[in-house]
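One file, final_39.cif, is given below (mmCIF, C-alpha atoms and all ligand atoms).
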```cif
data_my_file
#
loop_
_atom_site.label_atom_id
_atom_site.label_comp_id
_atom_site.auth_asym_id
_atom_site.auth_seq_id
_atom_site.Cartn_x
_atom_site.Cartn_y
_atom_site.Cartn_z
CA MET A 1 -12.91 -17.49 -20.32
CA SER A 2 -12.22 -15.90 -16.95
CA ALA A 3 -10.53 -19.11 -15.72
CA ASN A 4 -8.03 -18.38 -18.42
CA HIS A 5 -7.71 -14.72 -17.36
CA ALA A 6 -7.06 -15.85 -13.78
CA LYS A 7 -4.36 -18.25 -14.95
CA VAL A 8 -2.70 -15.40 -16.84
CA VAL A 9 -2.86 -13.17 -13.74
CA MET A 10 -1.25 -15.89 -11.60
CA HIS A 11 1.44 -16.46 -14.19
CA ARG A 12 2.15 -12.73 -14.46
CA CYS A 13 2.38 -12.33 -10.67
CA GLY A 14 5.03 -15.06 -10.80
CA ALA A 15 6.93 -13.36 -13.64
CA LEU A 16 6.86 -9.97 -11.90
CA ALA A 17 8.18 -11.53 -8.70
CA GLN A 18 11.39 -12.30 -10.57
CA ILE A 19 12.05 -8.57 -10.99
CA SER A 20 13.84 -7.39 -7.88
CA ASP A 21 16.40 -4.91 -6.61
CA ASP A 22 17.77 -7.54 -4.20
CA PRO A 23 19.20 -10.81 -5.45
CA GLY A 24 17.50 -13.84 -3.92
CA GLN A 25 14.44 -12.01 -2.57
CA LEU A 26 11.68 -9.78 -3.92
CA THR A 27 12.21 -6.08 -3.22
CA ARG A 28 11.10 -3.25 -5.51
CA THR A 29 11.42 0.22 -4.18
CA PHE A 30 10.23 3.58 -5.47
CA ALA A 31 11.97 4.68 -8.72
CA SER A 32 14.53 1.87 -8.52
CA PRO A 33 15.95 -0.02 -11.52
CA ALA A 34 13.68 -2.99 -10.73
CA MET A 35 10.63 -0.71 -10.68
CA ARG A 36 11.58 0.60 -14.12
CA ARG A 37 11.84 -2.97 -15.42
CA ALA A 38 8.55 -3.93 -13.76
CA ASN A 39 6.80 -0.96 -15.40
CA LYS A 40 8.20 -2.02 -18.76
CA LEU A 41 6.88 -5.55 -18.42
CA VAL A 42 3.46 -4.54 -17.07
CA GLY A 43 3.30 -1.86 -19.79
CA SER A 44 3.69 -4.60 -22.41
CA TRP A 45 0.76 -6.50 -20.85
CA MET A 46 -1.31 -3.31 -20.84
CA ARG A 47 -0.61 -2.84 -24.56
CA GLU A 48 -1.63 -6.43 -25.19
CA ALA A 49 -4.98 -5.60 -23.57
CA GLY A 50 -5.37 -2.67 -25.99
CA LEU A 51 -4.44 0.09 -23.55
CA GLN A 52 -2.42 3.21 -24.41
CA VAL A 53 0.51 3.23 -22.04
CA HIS A 54 2.62 5.93 -20.47
CA GLU A 55 4.61 6.56 -17.30
CA ASP A 56 3.90 9.82 -15.46
CA ALA A 57 6.36 12.10 -13.64
CA ALA A 58 5.90 10.11 -10.42
CA PHE A 59 6.82 6.80 -12.14
CA ASN A 60 3.21 5.62 -12.05
CA LEU A 61 2.40 3.35 -14.98
CA LEU A 62 -0.86 4.25 -16.72
CA GLY A 63 -2.77 2.31 -19.37
CA ARG A 64 -5.73 4.08 -20.92
CA TRP A 65 -8.84 2.92 -22.74
CA ASN A 66 -10.43 6.00 -24.30
CA SER A 67 -14.18 6.25 -24.49
CA ASN A 68 -15.57 7.35 -27.83
CA GLN A 69 -17.80 9.84 -26.00
CA ARG A 70 -16.41 13.36 -26.20
CA GLY A 71 -15.52 15.03 -22.93
CA ALA A 72 -15.91 11.77 -21.03
CA LYS A 73 -14.48 11.56 -17.50
CA THR A 74 -12.19 8.80 -16.37
CA PHE A 75 -12.60 5.86 -14.03
CA LEU A 76 -9.40 4.51 -12.45
CA LEU A 77 -8.55 0.92 -11.58
CA GLY A 78 -5.30 -0.03 -9.97
CA SER A 79 -2.96 -0.83 -7.15
CA HIS A 80 0.82 -0.64 -6.67
CA LEU A 81 3.87 -2.30 -8.21
CA ASP A 82 6.41 -1.48 -5.47
CA THR A 83 6.96 -3.97 -2.64
CA VAL A 84 8.29 -4.27 0.88
CA ARG A 85 11.68 -5.93 1.48
CA ASP A 86 11.57 -9.72 0.97
CA ALA A 87 7.98 -9.42 -0.23
CA GLY A 88 5.34 -11.81 -1.47
CA LYS A 89 4.11 -11.87 -5.07
CA TYR A 90 0.60 -10.51 -4.66
CA ASP A 91 0.51 -7.43 -2.42
CA GLY A 92 -0.03 -4.73 -5.05
CA PRO A 93 0.63 -6.51 -8.36
CA LEU A 94 -2.50 -8.67 -7.98
CA GLY A 95 -4.67 -5.54 -8.16
CA VAL A 96 -2.91 -4.14 -11.23
CA LEU A 97 -2.94 -7.44 -13.10
CA THR A 98 -6.56 -8.20 -12.15
CA ALA A 99 -7.51 -4.79 -13.56
CA ILE A 100 -5.70 -5.56 -16.84
CA ALA A 101 -7.47 -8.94 -16.98
CA ALA A 102 -10.85 -7.27 -16.37
CA VAL A 103 -10.16 -4.86 -19.25
CA GLN A 104 -9.28 -7.80 -21.48
CA SER A 105 -12.48 -9.58 -20.49
CA LEU A 106 -14.63 -6.47 -21.13
CA ARG A 107 -13.04 -6.04 -24.55
CA GLU A 108 -13.75 -9.68 -25.38
CA ARG A 109 -17.40 -9.08 -24.40
CA GLY A 110 -17.44 -6.15 -26.86
CA VAL A 111 -18.36 -3.69 -24.10
CA THR A 112 -18.13 0.01 -24.95
CA LEU A 113 -17.69 2.52 -22.17
CA PRO A 114 -19.25 5.95 -21.64
CA PHE A 115 -16.13 6.92 -19.64
CA ASN A 116 -12.41 6.49 -20.14
CA LEU A 117 -10.91 3.67 -18.15
CA GLU A 118 -7.38 3.92 -16.83
CA VAL A 119 -5.42 1.13 -15.19
CA VAL A 120 -2.68 2.40 -12.86
CA GLY A 121 0.34 0.69 -11.36
CA PHE A 122 1.30 3.07 -8.56
CA SER A 123 4.97 3.57 -7.83
CA ASP A 124 5.10 3.75 -4.03
CA GLU A 125 2.50 2.37 -1.70
CA GLU A 126 4.82 0.66 0.75
CA GLY A 127 7.09 3.62 1.41
CA LEU A 128 10.16 1.39 1.72
CA ARG A 129 12.60 3.90 0.26
CA TYR A 130 11.63 7.05 2.16
CA GLN A 131 9.28 5.67 4.85
CA THR A 132 6.76 8.19 3.51
CA THR A 133 4.04 6.25 1.72
CA TYR A 134 1.67 6.70 -1.29
CA LEU A 135 4.16 8.95 -3.14
CA GLY A 136 2.79 7.86 -6.54
CA SER A 137 -0.91 8.06 -5.74
CA ARG A 138 -0.58 11.30 -3.77
CA ALA A 139 1.41 12.86 -6.61
CA LEU A 140 -1.42 11.96 -9.00
CA ALA A 141 -4.02 13.26 -6.53
CA GLY A 142 -2.00 16.44 -5.99
CA THR A 143 -1.95 15.97 -2.22
CA LEU A 144 1.79 15.70 -1.53
CA ALA A 145 2.94 17.82 1.40
CA ALA A 146 5.98 20.11 1.29
CA ALA A 147 7.57 17.84 3.94
CA ASP A 148 7.32 14.84 1.57
CA LEU A 149 9.06 16.75 -1.20
CA ALA A 150 11.76 17.95 1.18
CA ARG A 151 12.53 14.33 2.03
CA ILE A 152 12.85 12.96 -1.51
CA LYS A 153 15.21 13.46 -4.43
CA GLU A 154 12.60 13.19 -7.19
CA LYS A 155 11.02 16.67 -6.89
CA GLN A 156 9.48 16.41 -10.36
CA ILE A 157 6.85 13.97 -9.08
CA VAL A 158 4.53 16.92 -8.39
CA LYS A 159 4.07 17.16 -12.17
CA ALA A 160 2.07 13.92 -12.07
CA ARG A 161 -0.88 15.86 -10.60
CA ARG A 162 -4.09 15.34 -12.57
CA PRO A 163 -6.86 17.94 -12.80
CA HIS A 164 -9.40 17.63 -10.02
CA GLY A 165 -12.80 16.68 -11.31
CA GLU A 166 -11.28 14.45 -13.99
CA PHE A 167 -12.03 11.22 -12.16
CA LEU A 168 -15.38 9.51 -11.66
CA GLY A 169 -13.89 7.16 -9.13
CA TYR A 170 -11.22 4.62 -8.24
CA ALA A 171 -11.50 0.89 -7.55
CA GLU A 172 -8.76 -1.36 -6.23
CA VAL A 173 -8.50 -5.12 -5.88
CA HIS A 174 -6.00 -6.25 -3.22
CA ILE A 175 -5.20 -9.33 -1.17
CA GLU A 176 -6.89 -9.14 2.22
CA GLN A 177 -3.63 -9.50 4.22
CA GLY A 178 -5.70 -10.87 7.09
CA PRO A 179 -7.56 -14.11 7.91
CA VAL A 180 -11.22 -12.99 7.84
CA LEU A 181 -12.18 -14.19 4.35
CA GLU A 182 -10.44 -17.52 4.88
CA LYS A 183 -12.27 -17.99 8.21
CA ASN A 184 -15.57 -17.27 6.43
CA ASN A 185 -14.72 -19.52 3.51
CA LEU A 186 -15.21 -16.72 0.98
CA PRO A 187 -13.07 -15.83 -2.07
CA VAL A 188 -13.67 -12.07 -1.94
CA GLY A 189 -14.95 -9.36 0.41
CA VAL A 190 -15.97 -5.74 0.13
CA VAL A 191 -13.92 -3.15 2.01
CA THR A 192 -15.69 -0.59 4.19
CA ALA A 193 -12.80 1.60 5.41
CA ILE A 194 -9.02 1.92 5.51
CA ALA A 195 -7.17 2.47 8.79
CA GLY A 196 -5.22 5.67 9.34
CA GLN A 197 -1.51 5.43 9.97
CA SER A 198 1.26 7.38 11.66
CA ARG A 199 4.84 6.72 10.66
CA LEU A 200 7.57 8.14 12.88
CA ARG A 201 11.25 7.91 13.59
CA ALA A 202 12.74 7.96 17.09
CA LYS A 203 16.42 8.27 17.94
CA PHE A 204 18.03 7.56 21.28
CA LEU A 205 21.42 9.23 21.65
CA GLY A 206 23.82 8.11 24.36
CA VAL A 207 27.58 7.93 24.68
CA ALA A 208 29.60 5.37 22.74
CA GLY A 209 32.31 3.81 24.86
CA HIS A 210 34.52 0.84 25.61
CA ALA A 211 32.62 -2.38 26.29
CA GLY A 212 35.33 -3.57 28.65
CA THR A 213 36.04 -0.52 30.78
CA VAL A 214 32.88 1.53 31.41
CA PRO A 215 31.05 0.20 34.52
CA MET A 216 27.39 -0.70 34.01
CA ASN A 217 26.10 2.11 36.27
CA LEU A 218 28.02 4.77 34.32
CA ARG A 219 26.80 3.87 30.85
CA HIS A 220 24.51 5.81 28.54
CA ASP A 221 23.70 2.91 26.24
CA ALA A 222 21.38 4.09 23.46
CA LEU A 223 20.40 0.57 22.45
CA VAL A 224 19.32 -0.43 25.93
CA GLY A 225 17.03 2.64 25.99
CA ALA A 226 15.66 1.83 22.56
CA ALA A 227 15.16 -1.82 23.53
CA GLU A 228 13.19 -0.83 26.63
CA PHE A 229 11.01 1.38 24.44
CA VAL A 230 10.49 -1.36 21.82
CA ALA A 231 9.47 -3.79 24.55
CA SER A 232 6.91 -1.27 25.87
CA VAL A 233 5.16 -0.80 22.50
CA PRO A 234 2.98 -3.96 22.65
CA SER A 235 1.56 -3.07 26.07
CA VAL A 236 0.76 0.53 25.05
CA ALA A 237 -0.94 -0.76 21.88
CA SER A 238 -2.81 -3.60 23.58
CA ALA A 239 -4.37 -1.17 26.05
CA CYS A 240 -6.45 0.11 23.13
CA PRO A 241 -8.34 -2.76 21.39
CA GLY A 242 -7.98 -2.63 17.62
CA LEU A 243 -4.92 -0.38 17.68
CA VAL A 244 -1.66 -1.80 16.32
CA ALA A 245 1.87 -0.44 16.67
CA THR A 246 5.11 -1.80 15.22
CA VAL A 247 8.81 -1.07 15.35
CA GLY A 248 9.98 -2.44 12.00
CA LYS A 249 13.52 -1.19 11.79
CA LEU A 250 16.27 -0.57 14.30
CA GLU A 251 19.70 0.83 13.46
CA VAL A 252 22.50 0.77 15.99
CA ALA A 253 25.76 2.68 15.76
CA PRO A 254 28.70 2.45 15.81
CA GLY A 255 27.79 -1.27 15.58
CA ALA A 256 30.73 -3.24 16.95
CA SER A 257 30.69 -6.00 19.54
CA ASN A 258 33.15 -4.20 21.83
CA VAL A 259 31.55 -0.73 21.65
CA ILE A 260 28.65 0.51 23.81
CA PRO A 261 26.03 1.75 21.34
CA GLY A 262 25.95 5.54 21.27
CA HIS A 263 23.10 5.78 18.82
CA ALA A 264 19.91 3.76 18.22
CA ALA A 265 17.32 4.85 15.66
CA LEU A 266 14.02 3.12 15.06
CA THR A 267 10.89 3.39 12.96
CA LEU A 268 7.44 3.34 14.54
CA ASP A 269 4.18 2.56 12.69
CA VAL A 270 0.85 3.09 14.48
CA ARG A 271 -2.59 2.26 12.98
CA ASP A 272 -6.21 2.48 13.96
CA GLN A 273 -9.60 2.88 12.30
CA THR A 274 -10.18 5.95 14.52
CA ASP A 275 -7.82 8.90 14.11
CA ALA A 276 -8.24 10.26 17.63
CA ARG A 277 -7.31 6.90 19.17
CA ARG A 278 -4.25 6.61 16.93
CA LEU A 279 -3.07 10.12 17.77
CA ALA A 280 -3.59 9.53 21.50
CA ALA A 281 -1.52 6.32 21.29
CA VAL A 282 1.29 8.19 19.51
CA ARG A 283 1.27 10.76 22.34
CA ARG A 284 1.45 7.99 24.96
CA LEU A 285 4.32 6.30 23.12
CA ARG A 286 6.21 9.56 22.92
CA ALA A 287 5.78 10.15 26.66
CA LYS A 288 7.05 6.61 27.29
CA ALA A 289 10.14 7.18 25.11
CA LYS A 290 10.84 10.50 26.85
CA ALA A 291 10.62 8.94 30.30
CA ILE A 292 12.95 6.10 29.31
CA ALA A 293 15.47 8.52 27.79
CA GLN A 294 15.40 10.75 30.86
CA ARG A 295 15.90 7.88 33.29
CA ARG A 296 18.83 6.53 31.30
CA GLY A 297 20.53 9.85 30.60
CA LEU A 298 19.88 9.66 26.87
CA LYS A 299 18.74 12.30 24.39
CA LEU A 300 15.61 11.58 22.37
CA THR A 301 14.59 12.92 18.98
CA TRP A 302 11.06 12.14 17.83
CA THR A 303 10.22 12.86 14.19
CA PRO A 304 6.78 12.36 12.63
CA VAL A 305 7.37 11.22 9.04
CA GLN A 306 3.83 10.86 7.76
CA GLN A 307 0.26 10.72 8.96
CA THR A 308 -2.65 9.46 6.91
CA ALA A 309 -6.20 9.77 8.22
CA ALA A 310 -8.58 6.83 8.25
CA VAL A 311 -10.80 6.75 5.16
CA GLN A 312 -14.33 5.46 4.59
CA CYS A 313 -14.88 3.77 1.24
CA ASP A 314 -17.48 5.39 -1.01
CA GLU A 315 -20.94 4.03 -0.25
CA THR A 316 -22.28 3.96 -3.83
CA LEU A 317 -19.25 2.19 -5.31
CA THR A 318 -19.10 -0.18 -2.34
CA GLN A 319 -22.75 -1.09 -2.87
CA MET A 320 -22.00 -1.71 -6.51
CA PHE A 321 -19.19 -4.11 -5.55
CA SER A 322 -21.60 -5.83 -3.13
CA LYS A 323 -24.19 -6.31 -5.88
CA CYS A 324 -21.55 -7.79 -8.19
CA VAL A 325 -20.42 -10.22 -5.47
CA ALA A 326 -24.03 -11.22 -4.71
CA GLN A 327 -24.70 -11.67 -8.45
CA ARG A 328 -22.05 -14.44 -8.38
CA GLY A 329 -24.10 -16.25 -5.72
CA LEU A 330 -21.66 -15.34 -2.97
CA LYS A 331 -22.33 -14.03 0.52
CA VAL A 332 -21.32 -10.37 0.76
CA LEU A 333 -18.86 -9.92 3.58
CA LYS A 334 -17.88 -6.36 4.42
CA LEU A 335 -14.66 -5.72 6.29
CA PRO A 336 -12.32 -2.85 7.17
CA SER A 337 -8.68 -2.78 6.10
CA GLY A 338 -5.90 -2.49 8.66
CA ALA A 339 -3.37 -2.13 5.84
CA GLY A 340 -2.87 1.08 3.90
CA HIS A 341 -3.82 1.26 0.22
CA ASP A 342 -3.54 3.73 -2.65
CA ALA A 343 -7.36 3.94 -2.41
CA ALA A 344 -6.85 6.00 0.76
CA ALA A 345 -4.89 8.59 -1.24
CA LEU A 346 -7.38 8.60 -4.14
CA ALA A 347 -10.31 9.05 -1.74
CA ALA A 348 -9.09 12.65 -1.29
CA ILE A 349 -10.13 13.49 -4.87
CA CYS A 350 -12.78 10.99 -5.97
CA PRO A 351 -15.04 8.20 -4.69
CA ALA A 352 -12.91 5.13 -3.91
CA ALA A 353 -13.78 1.49 -3.21
CA MET A 354 -11.95 -1.80 -2.74
CA LEU A 355 -12.43 -5.53 -3.16
CA PHE A 356 -10.33 -7.94 -1.08
CA VAL A 357 -9.23 -11.37 -2.23
CA ARG A 358 -8.70 -14.20 0.28
CA CYS A 359 -5.05 -15.03 0.94
CA LYS A 360 -3.65 -18.12 2.63
CA GLY A 361 -3.43 -17.85 6.41
CA GLY A 362 -3.88 -14.08 6.14
CA ILE A 363 -0.12 -13.92 5.56
CA SER A 364 1.41 -10.95 3.73
CA HIS A 365 4.58 -8.84 3.71
CA ASN A 366 6.21 -12.25 3.59
CA PRO A 367 7.39 -14.39 0.65
CA ALA A 368 4.84 -17.01 1.79
CA GLU A 369 1.95 -14.86 0.49
CA SER A 370 -0.40 -17.11 -1.44
CA VAL A 371 -3.72 -16.79 -3.32
CA LYS A 372 -5.81 -19.32 -5.24
CA ALA A 373 -6.40 -19.02 -8.99
CA ALA A 374 -10.10 -19.81 -8.37
CA ASP A 375 -10.37 -16.74 -6.08
CA VAL A 376 -8.54 -14.56 -8.60
CA ARG A 377 -11.07 -15.72 -11.19
CA VAL A 378 -13.90 -14.43 -8.97
CA ALA A 379 -12.05 -11.11 -8.51
CA VAL A 380 -11.60 -10.66 -12.29
CA GLU A 381 -15.29 -11.45 -12.88
CA VAL A 382 -16.51 -9.15 -10.11
CA LEU A 383 -14.29 -6.30 -11.30
CA ALA A 384 -15.44 -6.69 -14.92
CA ASP A 385 -19.10 -6.83 -13.77
CA PHE A 386 -18.45 -3.73 -11.64
CA ILE A 387 -17.22 -1.75 -14.66
CA SER A 388 -20.18 -2.97 -16.77
CA ARG A 389 -22.61 -1.91 -14.05
CA LEU A 390 -20.92 1.49 -13.82
CA ALA A 391 -21.19 1.84 -17.59
CA ASN A 392 -24.89 0.95 -17.50
CA ALA A 393 -25.54 3.33 -14.63
CA ALA A 394 -23.76 6.24 -16.36
C1 LIG B 401 1.21 -1.28 3.19
O1 LIG B 401 1.05 -2.46 2.96
C2 LIG B 401 0.96 -0.77 4.48
O2 LIG B 401 -0.18 -0.87 4.96
O3 LIG B 401 1.93 -0.31 5.11
MN MN B 402 -0.44 -3.19 -0.82
MN MN B 403 1.97 -3.92 1.52
#
```

Could you write out this file's structure as structure tokens?
Ligand code: GLV
Ligand code: MN
Ligand code: MN
Amino acid sequence: MSANHAKVVMHRCGALAQISDDPGQLTRTFASPAMRRANKLVGSWMREAGLQVHEDAAFNLLGRWNSNQRGAKTFLLGSHLDTVRDAGKYDGPLGVLTAIAAVQSLRERGVTLPFNLEVVGFSDEEGLRYQTTYLGSRALAGTLAAADLARIKEKQIVKARRPHGEFLGYAEVHIEQGPVLEKNNLPVGVVTAIAGQSRLRAKFLGVAGHAGTVPMNLRHDALVGAAEFVASVPSVASACPGLVATVGKLEVAPGASNVIPGHAALTLDVRDQTDARRLAAVRRLRAKAKAIAQRRGLKLTWTPVQQTAAVQCDETLTQMFSKCVAQRGLKVLKLPSGAGHDAAALAAICPAAMLFVRCKGGISHNPAESVKAADVRVAVEVLADFISRLANAA
């Protein structure tokens, strides 16, 4: 039966990948027309699985299976439906569709639950639109900061807040986005912790001028300053094993071949499992940018956009995932996540745990993302077993 569920999940990941804001590549960004269409399609699959569907004020898609026990609390399953630019098919959607498949499988087994079960497709894990991430899951958790709201148009998302104490926990299935499971020849792994992240914006301001007339020693070229900074990021990061730092976007203005760039703005993303190490690296990077700007006669603006602390997964739920993996005759491999996940936002209000699924070559944030149906089958089975165990333990 679950082979069939896995096939459906694979097919649905393919169908969802056709829904994009950009022609010719997969891009779905917070509250965009493609996100609305994706929610509609996934909502129809939720209904097929017997869930009651609605979209909240933060554009999260929710499908609910009500327990027949009065006053029951709710357990959440989910992941996100937004994507990066030119994304793969599985980062996010796999977790939502695996959860729907697990619900379907539990219903076929005639399971009744002592808690309500809600499947969520979160609206913004990647943060592509505003650079600030987890807008959907933090709106639901009620942990949005005033600075997030100041940055976005959709102020009503605060209304998506759910009462604290309503949730028993949250579980998320996600592709690993790294090579560890593949190296260990395992279909799934249990996540121990999620790295913290700092997202920032830096701008170098110089003087735009004529590319043919201003001598090299009299230039204040913003792009050359930014380029020197970008080139310094790998060495600052590598000095701290485990820490990663990335400049993912660079905008140059005015942007003409015969004009010295007067303006260069870039994004910076810094991650580590230890918050103090991450914050120290951000301070070192800032000092580096300042020194470069000073030496080149440029102005620097340095704007923190968002910081998310590292999060430990809940021990009890993690153990439950481990038991379900072992029950399938598989070695239990525990691993931390370098990527961010909605689970990190949910961990602020309830116990949260994650199960990773092997992906080919550890590749993600790339259209080449690939998973095997046989591994998805294991994930559906483990997630359904996990809910059954929770129900029995309640
Ligand atoms: C999301 O994939 C992130 O970790 O940025
Ligand atoms: Mn993701
Ligand atoms: Mn991602």

Could you list, with a cut-off of 9 Å and counting only C-alpha atoms, the residues of stretch 170-206 of chain A near stretch 300-304 of chain A, each shown with its nearest atom pair and the distance in Å rounded to one decimal, rows sorted by chain and ascending number, as JSON lines?
```
{"residue": "A:Ser198", "atom": "CA", "partner": "A:Pro304", "partner_atom": "CA", "distance": 7.5}
{"residue": "A:Arg199", "atom": "CA", "partner": "A:Pro304", "partner_atom": "CA", "distance": 6.3}
{"residue": "A:Leu200", "atom": "CA", "partner": "A:Pro304", "partner_atom": "CA", "distance": 4.3}
{"residue": "A:Arg201", "atom": "CA", "partner": "A:Thr303", "partner_atom": "CA", "distance": 5.1}
{"residue": "A:Ala202", "atom": "CA", "partner": "A:Trp302", "partner_atom": "CA", "distance": 4.6}
{"residue": "A:Lys203", "atom": "CA", "partner": "A:Thr301", "partner_atom": "CA", "distance": 5.1}
{"residue": "A:Phe204", "atom": "CA", "partner": "A:Leu300", "partner_atom": "CA", "distance": 4.8}
{"residue": "A:Leu205", "atom": "CA", "partner": "A:Leu300", "partner_atom": "CA", "distance": 6.3}
```

For the selection you just gave me, I'd like the residues written to a file as a compact mmCIF listing (two decimals), keeping the file's coordinate frame, keeping C-alpha atoms.
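Output file result_18.txt is given in full below:
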```txt
# COMPACT_ATOMS: atom_id res chain seq x y z
CA SER A 198 1.26 7.38 11.66
CA ARG A 199 4.84 6.72 10.66
CA LEU A 200 7.57 8.14 12.88
CA ARG A 201 11.25 7.91 13.59
CA ALA A 202 12.74 7.96 17.09
CA LYS A 203 16.42 8.27 17.94
CA PHE A 204 18.03 7.56 21.28
CA LEU A 205 21.42 9.23 21.65
```

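Considering all atoms listed in the file, the residue among A:His365, A:Lys183, A:Arg295, A:Arg389 positioned nearest to ligand LIG 401 (chain B) is A:His365.
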
Q: Have a look at A:Asp385, A:Asp272, A:Asp148, A:Asp124 and name the one nearest to ligand MN 403 (chain B); count only C-alpha atoms and all ligand atoms.
A: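 Under the stated criterion, the closest residue is A:Asp124.
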
Show me, as a tab-separated table (two decimals) with C-alpha atoms, in the coordinates of the input, the residues that have an atom within 6 Å of A:Arg271 when counting all atoms listed in the file, minus same-chain residues fewer than 6 positions from it.
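The result, written out as around_1.tsv:
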```
chain	number	residue	atom	x	y	z
A	196	GLY	CA	-5.22	5.67	9.34
A	197	GLN	CA	-1.51	5.43	9.97
A	243	LEU	CA	-4.92	-0.38	17.68
A	244	VAL	CA	-1.66	-1.80	16.32
```

Q.
When you count all atoms listed in the file, which of these residues is closest to A:Lys290: A:Ala15, A:Leu113, A:Ala344, A:Ala226?
A.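 Distance minimum relative to A:Lys290 lands on A:Ala226.
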
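Neighbouring residues of ligand LIG 401 (chain B) at a cut-off of 8 Å, counting all atoms listed in the file, are Val84, Asp91, Glu125, Glu126, Gly127, Thr133, Gly338, Ala339, Gly340, His341 and His365 of chain A.
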
Mind dumping the selected residues with C-alpha atoms as a PDB file, keeping the file's coordinate frame?
```pdb
ATOM      1  CA  VAL A  84       8.290  -4.270   0.880  1.00  0.00           C
ATOM      2  CA  ASP A  91       0.510  -7.430  -2.420  1.00  0.00           C
ATOM      3  CA  GLU A 125       2.500   2.370  -1.700  1.00  0.00           C
ATOM      4  CA  GLU A 126       4.820   0.660   0.750  1.00  0.00           C
ATOM      5  CA  GLY A 127       7.090   3.620   1.410  1.00  0.00           C
ATOM      6  CA  THR A 133       4.040   6.250   1.720  1.00  0.00           C
ATOM      7  CA  GLY A 338      -5.900  -2.490   8.660  1.00  0.00           C
ATOM      8  CA  ALA A 339      -3.370  -2.130   5.840  1.00  0.00           C
ATOM      9  CA  GLY A 340      -2.870   1.080   3.900  1.00  0.00           C
ATOM     10  CA  HIS A 341      -3.820   1.260   0.220  1.00  0.00           C
ATOM     11  CA  HIS A 365       4.580  -8.840   3.710  1.00  0.00           C
TER      12      HIS A 365
END
```

**Q.** Of the listed residues A:Leu168, A:Ala347, A:Ala49, A:Ile260, that which approaches A:Ser105 most closely, counting all atoms listed in the file
**A.** A:Ala49

Q: Write out as a count of residues only the residues lying within 12 Å of A:Thr143, counting all atoms listed in the file and excluding same-chain residues fewer than 4 positions away.
A: 24

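Reported to one decimal place, the separation of atom CA of A:Val191 from atom CA of A:Ala353 is 7.0 Å.
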
Q.
I need the residue nearest ligand MN 402 (chain B) from this list: A:Gly71, A:Gly92, A:Pro241, A:Gly43. Use only C-alpha atoms and all ligand atoms for the distance.
A.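 Looking at the shortest contact to ligand MN 402 (chain B), the residue is A:Gly92.
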
Compile the contact shell of A:Arg284 as a PDB file with C-alpha atoms, in the frame of the given file: residues with an atom at most 12 Å away, counting only C-alpha atoms, same-chain residues fewer than 2 positions apart removed.
```
ATOM      1  CA  PHE A 229      11.010   1.380  24.440  1.00  0.00           C
ATOM      2  CA  SER A 232       6.910  -1.270  25.870  1.00  0.00           C
ATOM      3  CA  VAL A 233       5.160  -0.800  22.500  1.00  0.00           C
ATOM      4  CA  SER A 235       1.560  -3.070  26.070  1.00  0.00           C
ATOM      5  CA  VAL A 236       0.760   0.530  25.050  1.00  0.00           C
ATOM      6  CA  ALA A 237      -0.940  -0.760  21.880  1.00  0.00           C
ATOM      7  CA  ALA A 239      -4.370  -1.170  26.050  1.00  0.00           C
ATOM      8  CA  CYS A 240      -6.450   0.110  23.130  1.00  0.00           C
ATOM      9  CA  ALA A 245       1.870  -0.440  16.670  1.00  0.00           C
ATOM     10  CA  VAL A 270       0.850   3.090  14.480  1.00  0.00           C
ATOM     11  CA  ARG A 277      -7.310   6.900  19.170  1.00  0.00           C
ATOM     12  CA  ARG A 278      -4.250   6.610  16.930  1.00  0.00           C
ATOM     13  CA  LEU A 279      -3.070  10.120  17.770  1.00  0.00           C
ATOM     14  CA  ALA A 280      -3.590   9.530  21.500  1.00  0.00           C
ATOM     15  CA  ALA A 281      -1.520   6.320  21.290  1.00  0.00           C
ATOM     16  CA  VAL A 282       1.290   8.190  19.510  1.00  0.00           C
ATOM     17  CA  ARG A 286       6.210   9.560  22.920  1.00  0.00           C
ATOM     18  CA  ALA A 287       5.780  10.150  26.660  1.00  0.00           C
ATOM     19  CA  LYS A 288       7.050   6.610  27.290  1.00  0.00           C
ATOM     20  CA  ALA A 289      10.140   7.180  25.110  1.00  0.00           C
ATOM     21  CA  LYS A 290      10.840  10.500  26.850  1.00  0.00           C
ATOM     22  CA  ALA A 291      10.620   8.940  30.300  1.00  0.00           C
TER      23      ALA A 291
END
```

Q: Just give me the gap between atom CA of A:Asp342 and atom CA of A:Ser79 in Å, one decimal is fine.
A: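 Spanning atom CA of A:Asp342 to atom CA of A:Ser79 is a straight-line distance of 6.4 Å.
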
May I have the residues within 8 Å of A:Lys331 as a CSV table (one decimal) with C-alpha atoms, keeping the file's coordinate frame, using only C-alpha atoms and disregarding those fewer than 5 positions away in the same chain?
```csv
chain,number,residue,atom,x,y,z
A,186,LEU,CA,-15.2,-16.7,1.0
A,325,VAL,CA,-20.4,-10.2,-5.5
A,326,ALA,CA,-24.0,-11.2,-4.7
```

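Among the candidate residues A:Pro93, A:Pro33, A:Gly121, A:Gly209, the one lying nearest to ligand MN 403 (chain B) is A:Pro93, with distances computed using only C-alpha atoms and all ligand atoms.
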
Q. So how far away is atom CA of A:Gly206 from atom CA of A:Leu266, in Å?
A. 14.4 Å
